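Below is one structure, written out as structure tokens; comments come after it.
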There are 2 protein chains.
Amino acid sequence: MYRVRFVPLGGIIGVTKNMYVYELYKDDSLQDIIIIDCGIGFPREQEFGVDLAIPDIAYLMDKKDKIRALLLTHGHEDHITALRFHYNNLGRPPVYASKLTSLLAQHKCDEYNVKLRMNLINFDNTYHFGGFKAKFIRMTHSIPDTTHILLSSPVGSFYHGSDFKMDLTPPFGYAPDFYEIAKAGKDGVLCLMSDSLGADREGFTLSESVVGKTFEDEIRTTKGRFIMTTFASNISRVRQCAEAAVKFNRRVCLLGRSMKENTKLVKDIGYFPIPPKFLIEEKQLSKYKPHEICIIATGSQGQYGSALSRLATNGNKFVRVSKGDKVLFSSDPIPGNEEEVYDIIEHLYVLGADVRYSDVAEQLHASGHGSQGDMLLLMRLTQPKHLIPIGGTIRHQRLYLELAKRMNYQDKQVHLLREGETVWFDQDGRSALGEPVITKNVYVDAYGVGDVGETILRDRMTLSTEGIVFTVLKVGRDNLLAEKPEFTSRGFIFGAGGENNKEKDTIFNGAAEVIGKSFDQNRGSMPLKKRPGLSTRKVLFLKLPTNAHS
Amino acid sequence: MYRVRFVPLGGIIGVTKNMYVYELYKDDSLQDIIIIDCGIGFPREQEFGVDLAIPDIAYLMDKKDKIRALLLTHGHEDHITALRFHYNNLGRPPVYASKLTSLLAQHKCDEYNVKLRMNLINFDNTYHFGGFKAKFIRMTHSIPDTTHILLSSPVGSFYHGSDFKMDLTPPFGYAPDFYEIAKAGKDGVLCLMSDSLGADREGFTLSESVVGKTFEDEIRTTKGRFIMTTFASNISRVRQCAEAAVKFNRRVCLLGRSMKENTKLVKDIGYFPIPPKFLIEEKQLSKYKPHEICIIATGSQGQYGSALSRLATNGNKFVRVSKGDKVLFSSDPIPGNEEEVYDIIEHLYVLGADVRYSDVAEQLHASGHGSQGDMLLLMRLTQPKHLIPIGGTIRHQRLYLELAKRMNYQDKQVHLLREGETVWFDQDGRSALGEPVITKNVYVDAYGVGDVGETILRDRMTLSTEGIVFTVLKVGRDNLLAEKPEFTSRGFIFGAGGENNKEKDTIFNGAAEVIGKSFDQNRGSMPLKKRPGLSTRKVLFLKLPTNAHS
């Protein structure tokens with residue numbers, strides 16, 4: 001009697017930080033584990049000072065010997081970059097990935113001296129991992145060499161439909177392998193795990209090649225420099241722009257660390273076939289006339305200090321953006337980044353550039369994620385008995401459920417999970433919610449892995465909105481205050497010498513009075529010696545009228 | 001050494017009148033013929049007095065013994081209705097069709113006493129017809145039981161992708177069988193013949209079920225009668241509307257001969273499962289309150305005398321359209337019909353009805369034909385070596401070629417044919433244009449088949465724009481005019497007693513003078529006795545200033 005348990009350790013509702021565990025049980029005894037992806041999460045605005053989040057693998061620590069393989073779907077950071085933290089801890093299982101994915105995964109591990117036991121996949125092969133069999137299926141997304149994975153077991157088949165769109169005309173690389181997908185459906189899929197991030201968009205997502213056409217049209221009508229910005233990970237986009245530039249005899253200059261790094265990596269495997277004489281360094285920019293130049297820069301999200309933000313503020317010493325130049329944003333602002341992006345756009349207009357972004361022009365950007373049409377097509381092709389939306393938020397899960405209903409699925413066939421919530425599948429095709437796996441948020445900041453807990457984050461949030469005040473109490477041998485309390489503050493009120501000194505004095509004098517009284521009333525009961533000099537939180541966070549904030 | 005020749009006898013650029021011939025040759029000797037579809041064409045505006053056009057089958061007359069089968073793709077008139085004229089002449093080959101298609105095909109033949117040797121197809125079967133093998137593949141269109149046909153031969157496989165859209169959520173019946181389509185592609189398709197009619201629309205065509213949702217929304221907000229008009233052949237549309245009406249407890253009344261006939265036919269096979277108590281006759285309409293009524297009527301193209309046009313002009317004695325009623329056009333006007341449709345809309349507004357049509361509301365109608373996305377998907381699935389766009393116009397062929405180029409096809413792989421132009425395919429996958437088959441236009445009017453030739457049509461066109469004048473010449477024994485010529489006219493100038501009598505007299509007097517002179521000069525050489533009373537054309541069509549026309 002076999003059963004399979006699906007355990008999402010991340011990615012299920014957080015969009016990023018993808019890591020999924022498939023467990024095969026025989027008579028209640030765990031036989032084999034397959035892990036799909038191991039990516040980082042990007043901090044939300046509320047996660048102050050956190051560089052990134054990674055999946056919590058505590059649950060797997062006593063099961064390492066059952067991990068048969070770690071399969072990677074594609075080379076985006078939220079699917080591969082946690083390997084450098086977790087790979088050795090997972091017992092170094094064999095890794096399987098496509099060409100570009102394996103290259104990027106190892107590259108991300110290099111600086112951490114983590115060496116992956118990498119196996120380059122062959123799409124014609126079926127891989128046997130204990131009781132599991134895995135077949136990689138060609139799929140399209142915003143990075144080449146993306147795959148879906150058909151995971152078969154004695155219980156049934158699971159179609160792991162990670163990040164994708166059904167690109168019928170991909171500019172490079174392969175198209176979705178419709179035959180293999182439909183064959184999976186024909187042979188029977190027990191559950192489809194499907195990217196749900198585009199569930200709020202009608203129709204089908206634009207083909208990546210549409211953007212290539214736009215690049216050509218826009219370059220044709222540009223008199224000065226042509227400057228394009230997008231995510232460095234969108235290798236097809238960067239390549240299409242560079243190829244369009246070459247077509248119009250422009251030199252291509254890549255700006256931004258990740259842009260240079262990514263293109264350097266993929267050049268070696270032939271994924272960036274731009275003739276060397278067309279690629280120029282930053283310092284050569286001044287040698288060419290504006291109409292001979294195409295710049296591809298990082299900073300599409302308006303990041304401070306990025307290549308684009310330096311261009312927009314004349315901070316690049318080799319080139320000055322000016323009238324006749326055109327800047328094209330081949331990306332939409334991620335919600336929350338709008339202000340920064342519009343700020344850069346303002347600067348660019350002031351410099352005289354023409355700016356093209358999605359509000360004013362069409363087909364500058366194509367999402368890497370499928371829309372409702374793409375998702376319905378995957379459902380129709382795989383014809384699964386059960387569905388689990390992944391890679392979205394709770395909102396996307398609900399919308400995916402609505403989509404599934406259009407396909408005549410019942411509520412009970414669509415499982416909307418939170419992180420760590422598990423589903424059992426049995427040999428009769430039945431499913432049941434399992435005991436959840438407790439996962440914690442594991443954050444990485446500049447100092448290390450996992451040393452930033454919820455309390456620290458909560459404190460940082462308070463600090464970010466209220467600031468902090470320290471008070472030093474000098475206490476005599478008689479257990480009485482020897483001096484008036486002294487205050488030091490950060491982010492609380494204008495600093496010493498500022499114009500608000502008078503108000504500050506008033507507040508601090510009042511605070512000193514309150515503290516003095518409180519201390520005298522409670523002396524003896526307060527464990528002062530344990531925390532000398534640092535007051536309790538209650539005292540620390542004095543509410544101020546809003547207008548007193550800096 | 002085998003070869004296959006593809007011969008479109010109709011449908012290739014005329015949209016309608018579909019009839020395609022596939023011929024298998026062995027060493028230049030014709031072995032087997034398969035015919036796909038045999039439909040009527042609808043007269044263009046320039047074809048006066050013609051009821052319909054049918055394919056010219058003269059080419060097949062000396063090859064009847066090679067015709068192995070006649071396959072039908074779906075039940076629309078432009079694919080089945082010429083059978084009643086041609087079936088017996090073709091030697092009564094066995095016919096293969098899906099359930100609804102076979103029902104409609106036989107029904108269209110019944111009144112002509114033509115009995116089809118009909119075989120109901122099974123989608124799991126492969127049919128052997130001499131050297132050909134045929135497999136029917138489930139497909140979606142605006143009528144249920146639509147199919148595509150994979151025709152295999154020693155030369156290779158031909159995917160006959162007749163009228164279709166990729167409906168992922170068909171309201172009834174089956175979805176496209178993606179596995180079989182992709183499998184055809186995997187096994188190798190030599191040539192895809194693809195519906196090209198939607199090649200000017202971006203993205204994917206809306207699912208038919210979207211319209212069902214619109215019906216519910218519109219009925220929910222209708223206080224009075226709900227009246228829907230569409231093509232009677234769109235059985236899914238009619239059924240969705242009736243089901244939405246039942247949901248809101250309204251009685252359904254079908255108006256118009258074809259609407260009643262079609263629903264009656266499909267009711268027998270379970271394709272119109274509306275509870276009988278919800279279906280009412282026209283004369284019962286007055287017994288129900290407006291909010292209890294849903295009328296489904298023919299006349300969506302504004303046809304004079306149609307059920308809808310009678311409603312709009314208060315010509316229906318059982319019901320009067322009035323305030324609170326809503327009329328929904330679930331169809332777009334076919335180019336050329338706009339004026340008639342808008343005229344009906346005017347009338348309905350005057351009666352106080354709320355009118356919903358595609359200019360003012362969305363998702364009232366979904367085309368049965370795929371858009372660019374649907375076509376690209378079919379190309380991607382079948383991965384053919386060659387492409388032939390069918391079922392469109394020359395414009396659609398060109399746009400289809402552009403689409404194919406997006407898929408990296410070369411010009412020489414895409415064959416843009418005219419009616420009768422043929423293509424040879426050989427065993428090495430090569431193709432070449434063949435000797436064209438001469439086809440004539442065969443028209444059917446009220447009096448019979450094929451008795452309306454091009455000359456008659458040209459005359460009718462002239463008559464329609466210039467009118468006609470007869471003159472009677474009374475000639476004496478001396479071969480001189482005995483009296484002044486007399487004139488009778490129709491459609492030429494205002495008739496006797498009209499206000500323009502003075503102008504008419506002037507013209508006819510002048511004409512009489514010209515004719516008299518001409519007669520006297522040429523007497524003896526004119527074969528008057530052969531055509532007494534009817535002047536030659538040259539004299540007949542006198543050009544008048546435009547403002548003299550009625």
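Every chain in the structure tokens takes a letter, A first, then B, and so on in the order presented; its residues are numbered from 1, and the ligands are numbered from 1 following the presented order.
Within 8 Å of chain B, and using only C-alpha atoms, the residues found on chain A are A:Leu168, A:Thr169, A:Phe178, A:Tyr179, A:Ala182, A:Lys183, A:Gly185, A:Lys186, A:Gly203, A:Phe204, A:Leu376, A:Leu377, A:Arg380, A:Leu381, A:Arg406, A:Met407.
Using only C-alpha atoms, the contacts of A:Ser162 at a cut-off of 8 Å, with sequence neighbours closer than 5 positions omitted, comprise Thr73, Thr147, His148, Met193, Ser194, Asp195, Ile390 and Gly391 of chain A.
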Let's have the selection written as a PDB file, in the first residue's frame, with N, CA and C atoms.
```pdb
ATOM      1  N   THR A  73      13.949  23.225 -11.720  1.00  0.00           N
ATOM      2  CA  THR A  73      13.079  23.490 -12.868  1.00  0.00           C
ATOM      3  C   THR A  73      13.638  24.554 -13.807  1.00  0.00           C
ATOM      4  N   THR A 147      12.014  23.981 -17.447  1.00  0.00           N
ATOM      5  CA  THR A 147      11.380  22.668 -17.584  1.00  0.00           C
ATOM      6  C   THR A 147      10.181  22.538 -16.650  1.00  0.00           C
ATOM      7  N   HIS A 148       9.323  21.631 -17.001  1.00  0.00           N
ATOM      8  CA  HIS A 148       8.358  21.076 -16.068  1.00  0.00           C
ATOM      9  C   HIS A 148       8.836  19.663 -15.763  1.00  0.00           C
ATOM     10  N   MET A 193       0.547  20.404 -10.098  1.00  0.00           N
ATOM     11  CA  MET A 193       0.983  21.557  -9.319  1.00  0.00           C
ATOM     12  C   MET A 193       1.280  22.650 -10.337  1.00  0.00           C
ATOM     13  N   SER A 194       0.513  23.735 -10.299  1.00  0.00           N
ATOM     14  CA  SER A 194       0.623  24.711 -11.389  1.00  0.00           C
ATOM     15  C   SER A 194       0.945  26.109 -10.893  1.00  0.00           C
ATOM     16  N   ASP A 195       1.915  26.730 -11.530  1.00  0.00           N
ATOM     17  CA  ASP A 195       2.172  28.169 -11.397  1.00  0.00           C
ATOM     18  C   ASP A 195       0.837  28.897 -11.481  1.00  0.00           C
ATOM     19  N   ILE A 390       0.514  26.723  -7.161  1.00  0.00           N
ATOM     20  CA  ILE A 390       1.740  27.082  -6.448  1.00  0.00           C
ATOM     21  C   ILE A 390       2.279  28.391  -7.017  1.00  0.00           C
ATOM     22  N   GLY A 391       3.273  28.932  -6.350  1.00  0.00           N
ATOM     23  CA  GLY A 391       4.011  30.079  -6.884  1.00  0.00           C
ATOM     24  C   GLY A 391       3.231  31.375  -6.940  1.00  0.00           C
TER      25      GLY A 391
END
```
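Within 6 Å of stretch 251-259 of chain A there are Ala232, Phe278, Leu279, Ile280, Glu281, Glu292, Ile293, Cys294, Ile295, Ile296, Ala297, Thr298 and Ala307 of chain A, counting only C-alpha atoms and ignoring same-chain residues fewer than 4 positions away.
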Could you save the residues just selected, with C-alpha atoms, as a compact mmCIF listing (two decimals), in the first residue's frame?
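Wrote it out as selection.txt, contents follow:
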```txt
# COMPACT_ATOMS: atom_id res chain seq x y z
CA ALA A 232 19.40 40.68 -15.81
CA PHE A 278 29.65 44.71 -31.25
CA LEU A 279 30.17 44.40 -27.50
CA ILE A 280 31.87 47.38 -25.92
CA GLU A 281 32.98 48.32 -22.41
CA GLU A 292 25.90 53.96 -32.66
CA ILE A 293 25.13 52.98 -29.08
CA CYS A 294 22.75 50.60 -27.36
CA ILE A 295 23.01 50.36 -23.58
CA ILE A 296 21.41 47.49 -21.67
CA ALA A 297 21.30 48.34 -18.00
CA THR A 298 20.12 47.00 -14.67
CA ALA A 307 23.32 51.39 -13.56
```
Could you pull out the residues in stretch 86-275 of chain B that DSSP calls alpha helix (DSSP H) from the backbone, as a ChimeraX atom specification?
-> /B:86,99-110,178-187,208-220,235-247,257-267
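Taking atom CA of A:Lys133 and atom CA of A:Leu116 as the two end points, the separation is 21.1 Å.
Going from atom CA of B:Val514 over to atom CA of B:Lys484, you cover 11.0 Å.
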Please provide the set of residues having any atom within 7 Å of stretch 356-368 of chain A, restricted to only C-alpha atoms, with same-chain residues fewer than 6 positions apart removed, written as a PDB file with N, CA and C atoms, in the first residue's frame.
```pdb
ATOM      1  N   HIS A 141       9.437  30.062 -20.299  1.00  0.00           N
ATOM      2  CA  HIS A 141       9.313  31.014 -19.193  1.00  0.00           C
ATOM      3  C   HIS A 141      10.181  32.200 -19.596  1.00  0.00           C
ATOM      4  N   SER A 142      10.507  33.084 -18.682  1.00  0.00           N
ATOM      5  CA  SER A 142      11.321  34.235 -19.088  1.00  0.00           C
ATOM      6  C   SER A 142      12.815  33.943 -19.032  1.00  0.00           C
ATOM      7  N   PHE A 164       5.862  29.132 -15.589  1.00  0.00           N
ATOM      8  CA  PHE A 164       5.793  28.917 -17.037  1.00  0.00           C
ATOM      9  C   PHE A 164       4.840  29.891 -17.706  1.00  0.00           C
ATOM     10  N   LYS A 165       5.048  30.062 -19.009  1.00  0.00           N
ATOM     11  CA  LYS A 165       3.981  30.530 -19.885  1.00  0.00           C
ATOM     12  C   LYS A 165       4.064  29.672 -21.137  1.00  0.00           C
ATOM     13  N   THR A 205      -0.651  34.989 -22.132  1.00  0.00           N
ATOM     14  CA  THR A 205       0.461  35.922 -22.007  1.00  0.00           C
ATOM     15  C   THR A 205       1.153  36.080 -23.357  1.00  0.00           C
ATOM     16  N   LEU A 206       1.610  37.295 -23.632  1.00  0.00           N
ATOM     17  CA  LEU A 206       2.323  37.581 -24.881  1.00  0.00           C
ATOM     18  C   LEU A 206       3.570  36.718 -25.014  1.00  0.00           C
ATOM     19  N   SER A 207       3.868  36.386 -26.223  1.00  0.00           N
ATOM     20  CA  SER A 207       5.115  35.679 -26.495  1.00  0.00           C
ATOM     21  C   SER A 207       6.292  36.613 -26.268  1.00  0.00           C
ATOM     22  N   GLU A 208       7.377  36.035 -25.781  1.00  0.00           N
ATOM     23  CA  GLU A 208       8.602  36.814 -25.588  1.00  0.00           C
ATOM     24  C   GLU A 208       9.059  37.448 -26.910  1.00  0.00           C
ATOM     25  N   VAL A 210       7.420  38.887 -29.148  1.00  0.00           N
ATOM     26  CA  VAL A 210       6.736  40.148 -29.433  1.00  0.00           C
ATOM     27  C   VAL A 210       7.603  41.322 -28.983  1.00  0.00           C
ATOM     28  N   VAL A 211       8.276  41.140 -27.863  1.00  0.00           N
ATOM     29  CA  VAL A 211       9.114  42.217 -27.327  1.00  0.00           C
ATOM     30  C   VAL A 211      10.310  42.469 -28.242  1.00  0.00           C
ATOM     31  N   THR A 214       9.251  44.744 -30.830  1.00  0.00           N
ATOM     32  CA  THR A 214       9.164  46.101 -30.293  1.00  0.00           C
ATOM     33  C   THR A 214      10.541  46.760 -30.235  1.00  0.00           C
ATOM     34  N   VAL A 327      14.988  55.820 -23.679  1.00  0.00           N
ATOM     35  CA  VAL A 327      15.127  54.819 -22.616  1.00  0.00           C
ATOM     36  C   VAL A 327      13.869  53.974 -22.574  1.00  0.00           C
ATOM     37  N   LEU A 328      14.025  52.675 -22.681  1.00  0.00           N
ATOM     38  CA  LEU A 328      12.879  51.774 -22.727  1.00  0.00           C
ATOM     39  C   LEU A 328      12.887  50.850 -21.504  1.00  0.00           C
ATOM     40  N   PHE A 329      11.825  50.918 -20.730  1.00  0.00           N
ATOM     41  CA  PHE A 329      11.676  50.023 -19.577  1.00  0.00           C
ATOM     42  C   PHE A 329      10.993  48.737 -20.046  1.00  0.00           C
ATOM     43  N   SER A 330      11.748  47.672 -20.169  1.00  0.00           N
ATOM     44  CA  SER A 330      11.147  46.409 -20.593  1.00  0.00           C
ATOM     45  C   SER A 330      10.839  45.571 -19.357  1.00  0.00           C
ATOM     46  N   SER A 331       9.958  46.104 -18.544  1.00  0.00           N
ATOM     47  CA  SER A 331       9.565  45.468 -17.287  1.00  0.00           C
ATOM     48  C   SER A 331       8.485  46.332 -16.682  1.00  0.00           C
ATOM     49  N   ASP A 332       7.630  45.749 -15.876  1.00  0.00           N
ATOM     50  CA  ASP A 332       6.665  46.547 -15.134  1.00  0.00           C
ATOM     51  C   ASP A 332       7.195  46.723 -13.718  1.00  0.00           C
TER      52      ASP A 332
END
```
Could you give me, as a ChimeraX atom specification, the residues within 9 Å of A:Glu77, counting only C-alpha atoms and dropping anything in the same chain fewer than 5 positions from it?
-> /A:16-17,38-41,82,104-105,108,233
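In this structure, atom CA of A:Val155 sits 15.0 Å away from atom CA of A:His128.
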Once DSSP has gone over the backbone, tell me which residues of stretch 13-79 of chain A are in strand (DSSP E or B), as an MDAnalysis selection string.
-> chainID A and resid 19:26 29:36 41 52:54 67:71
Restrict the selected residues to N, CA, C and O atoms and save them as a CSV table (one decimal), in the first residue's frame.
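Result file follows (again-v9.csv):
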```
chain,number,residue,atom,x,y,z
A,19,MET,N,10.5,25.6,-2.8
A,19,MET,CA,11.1,24.3,-2.4
A,19,MET,C,9.9,23.3,-2.1
A,19,MET,O,9.1,23.6,-1.2
A,20,TYR,N,9.9,22.3,-2.9
A,20,TYR,CA,8.8,21.3,-2.8
A,20,TYR,C,9.3,19.9,-2.5
A,20,TYR,O,10.3,19.5,-3.2
A,21,VAL,N,8.7,19.2,-1.6
A,21,VAL,CA,9.1,17.9,-1.2
A,21,VAL,C,8.1,16.9,-1.6
A,21,VAL,O,6.9,17.1,-1.3
A,22,TYR,N,8.4,15.8,-2.3
A,22,TYR,CA,7.5,14.7,-2.6
A,22,TYR,C,8.1,13.5,-1.8
A,22,TYR,O,9.2,13.1,-2.0
A,23,GLU,N,7.2,12.9,-1.0
A,23,GLU,CA,7.6,11.7,-0.2
A,23,GLU,C,6.8,10.5,-0.6
A,23,GLU,O,5.6,10.5,-0.7
A,24,LEU,N,7.5,9.4,-0.8
A,24,LEU,CA,6.8,8.1,-1.1
A,24,LEU,C,6.9,7.2,0.1
A,24,LEU,O,7.9,6.9,0.7
A,25,TYR,N,5.7,6.8,0.5
A,25,TYR,CA,5.6,5.9,1.7
A,25,TYR,C,5.1,4.5,1.2
A,25,TYR,O,4.2,4.4,0.4
A,26,LYS,N,5.6,3.5,1.9
A,26,LYS,CA,5.0,2.1,1.7
A,26,LYS,C,4.6,1.6,3.1
A,26,LYS,O,5.5,1.5,4.0
A,29,SER,N,5.7,3.6,5.9
A,29,SER,CA,7.2,3.8,6.1
A,29,SER,C,7.8,4.6,4.9
A,29,SER,O,7.6,4.3,3.8
A,30,LEU,N,8.4,5.7,5.3
A,30,LEU,CA,9.0,6.6,4.3
A,30,LEU,C,10.1,5.9,3.5
A,30,LEU,O,11.0,5.3,4.0
A,31,GLN,N,9.9,5.9,2.2
A,31,GLN,CA,10.8,5.2,1.3
A,31,GLN,C,11.8,6.2,0.6
A,31,GLN,O,13.0,6.0,0.7
A,32,ASP,N,11.2,7.1,-0.1
A,32,ASP,CA,12.0,8.0,-1.0
A,32,ASP,C,11.5,9.4,-0.9
A,32,ASP,O,10.3,9.7,-0.8
A,33,ILE,N,12.5,10.3,-1.0
A,33,ILE,CA,12.1,11.8,-1.1
A,33,ILE,C,12.8,12.4,-2.3
A,33,ILE,O,13.9,12.1,-2.6
A,34,ILE,N,11.9,13.1,-3.0
A,34,ILE,CA,12.4,14.0,-4.1
A,34,ILE,C,12.2,15.4,-3.8
A,34,ILE,O,11.1,15.8,-3.3
A,35,ILE,N,13.2,16.2,-4.0
A,35,ILE,CA,13.0,17.7,-3.7
A,35,ILE,C,13.1,18.4,-5.1
A,35,ILE,O,13.9,18.1,-5.9
A,36,ILE,N,12.1,19.3,-5.2
A,36,ILE,CA,12.1,20.1,-6.5
A,36,ILE,C,12.4,21.6,-6.1
A,36,ILE,O,11.7,22.1,-5.3
A,41,GLY,N,13.9,33.6,-1.0
A,41,GLY,CA,12.7,34.5,-1.1
A,41,GLY,C,13.2,35.9,-1.0
A,41,GLY,O,14.3,36.2,-0.4
A,52,LEU,N,17.6,38.3,2.5
A,52,LEU,CA,16.7,37.3,1.8
A,52,LEU,C,16.2,36.3,2.8
A,52,LEU,O,16.7,36.2,3.9
A,53,ALA,N,15.2,35.5,2.3
A,53,ALA,CA,14.6,34.5,3.1
A,53,ALA,C,15.0,33.2,2.4
A,53,ALA,O,15.1,33.1,1.2
A,54,ILE,N,15.1,32.1,3.2
A,54,ILE,CA,15.4,30.8,2.6
A,54,ILE,C,14.4,29.8,3.2
A,54,ILE,O,13.9,30.0,4.3
A,67,ILE,N,16.6,11.1,0.8
A,67,ILE,CA,16.5,12.1,-0.3
A,67,ILE,C,17.3,11.5,-1.5
A,67,ILE,O,18.5,11.3,-1.4
A,68,ARG,N,16.5,11.2,-2.5
A,68,ARG,CA,17.1,10.5,-3.7
A,68,ARG,C,17.7,11.5,-4.7
A,68,ARG,O,18.6,11.2,-5.5
A,69,ALA,N,17.1,12.6,-4.8
A,69,ALA,CA,17.5,13.6,-5.8
A,69,ALA,C,16.9,15.0,-5.6
A,69,ALA,O,15.9,15.1,-4.9
A,70,LEU,N,17.6,16.0,-6.1
A,70,LEU,CA,17.1,17.3,-6.0
A,70,LEU,C,17.0,17.8,-7.5
A,70,LEU,O,18.0,17.9,-8.2
A,71,LEU,N,15.8,18.1,-7.9
A,71,LEU,CA,15.6,18.5,-9.3
A,71,LEU,C,15.3,20.0,-9.4
A,71,LEU,O,14.6,20.5,-8.6
```
Quick one: residues within 9 Å of A:Glu346, only C-alpha atoms counted, chain neighbours fewer than 5 positions away excluded, as JSON, numbers by chain?
-> {"A": [312, 341, 351]}
Please list as a short mmCIF file (atom, residue, chain, number, x, y, z; two decimals) with N, CA and C atoms, in the first residue's frame every residue within 8 Å of A:Ile388, counting only C-alpha atoms and excluding residues in the same chain fewer than 2 positions away.
```
data_model
loop_
_atom_site.label_atom_id
_atom_site.label_comp_id
_atom_site.auth_asym_id
_atom_site.auth_seq_id
_atom_site.Cartn_x
_atom_site.Cartn_y
_atom_site.Cartn_z
N CYS A 191 -2.16 14.59 -9.90
CA CYS A 191 -2.24 15.98 -9.43
C CYS A 191 -1.33 16.88 -10.25
N LEU A 192 -1.86 18.04 -10.62
CA LEU A 192 -1.08 19.07 -11.30
C LEU A 192 -0.75 20.16 -10.30
N MET A 193 0.55 20.40 -10.10
CA MET A 193 0.98 21.56 -9.32
C MET A 193 1.28 22.65 -10.34
N SER A 194 0.51 23.73 -10.30
CA SER A 194 0.62 24.71 -11.39
C SER A 194 0.95 26.11 -10.89
N HIS A 386 -6.44 16.03 -9.49
CA HIS A 386 -6.36 17.06 -8.45
C HIS A 386 -5.49 18.21 -8.92
N ILE A 390 0.51 26.72 -7.16
CA ILE A 390 1.74 27.08 -6.45
C ILE A 390 2.28 28.39 -7.02
N VAL A 414 -9.37 20.83 -5.68
CA VAL A 414 -8.37 21.89 -5.77
C VAL A 414 -7.88 22.22 -4.36
N HIS A 415 -6.63 21.98 -4.11
CA HIS A 415 -6.10 22.13 -2.76
C HIS A 415 -5.34 23.43 -2.63
N LEU A 416 -5.87 24.32 -1.78
CA LEU A 416 -5.22 25.61 -1.55
C LEU A 416 -4.42 25.50 -0.27
N LEU A 417 -3.12 25.39 -0.40
CA LEU A 417 -2.27 25.12 0.76
C LEU A 417 -1.52 26.36 1.22
#
```
For A:Lys66, the closest of A:His396, A:His86, A:Lys283, A:Arg92 counting only C-alpha atoms is A:Arg92
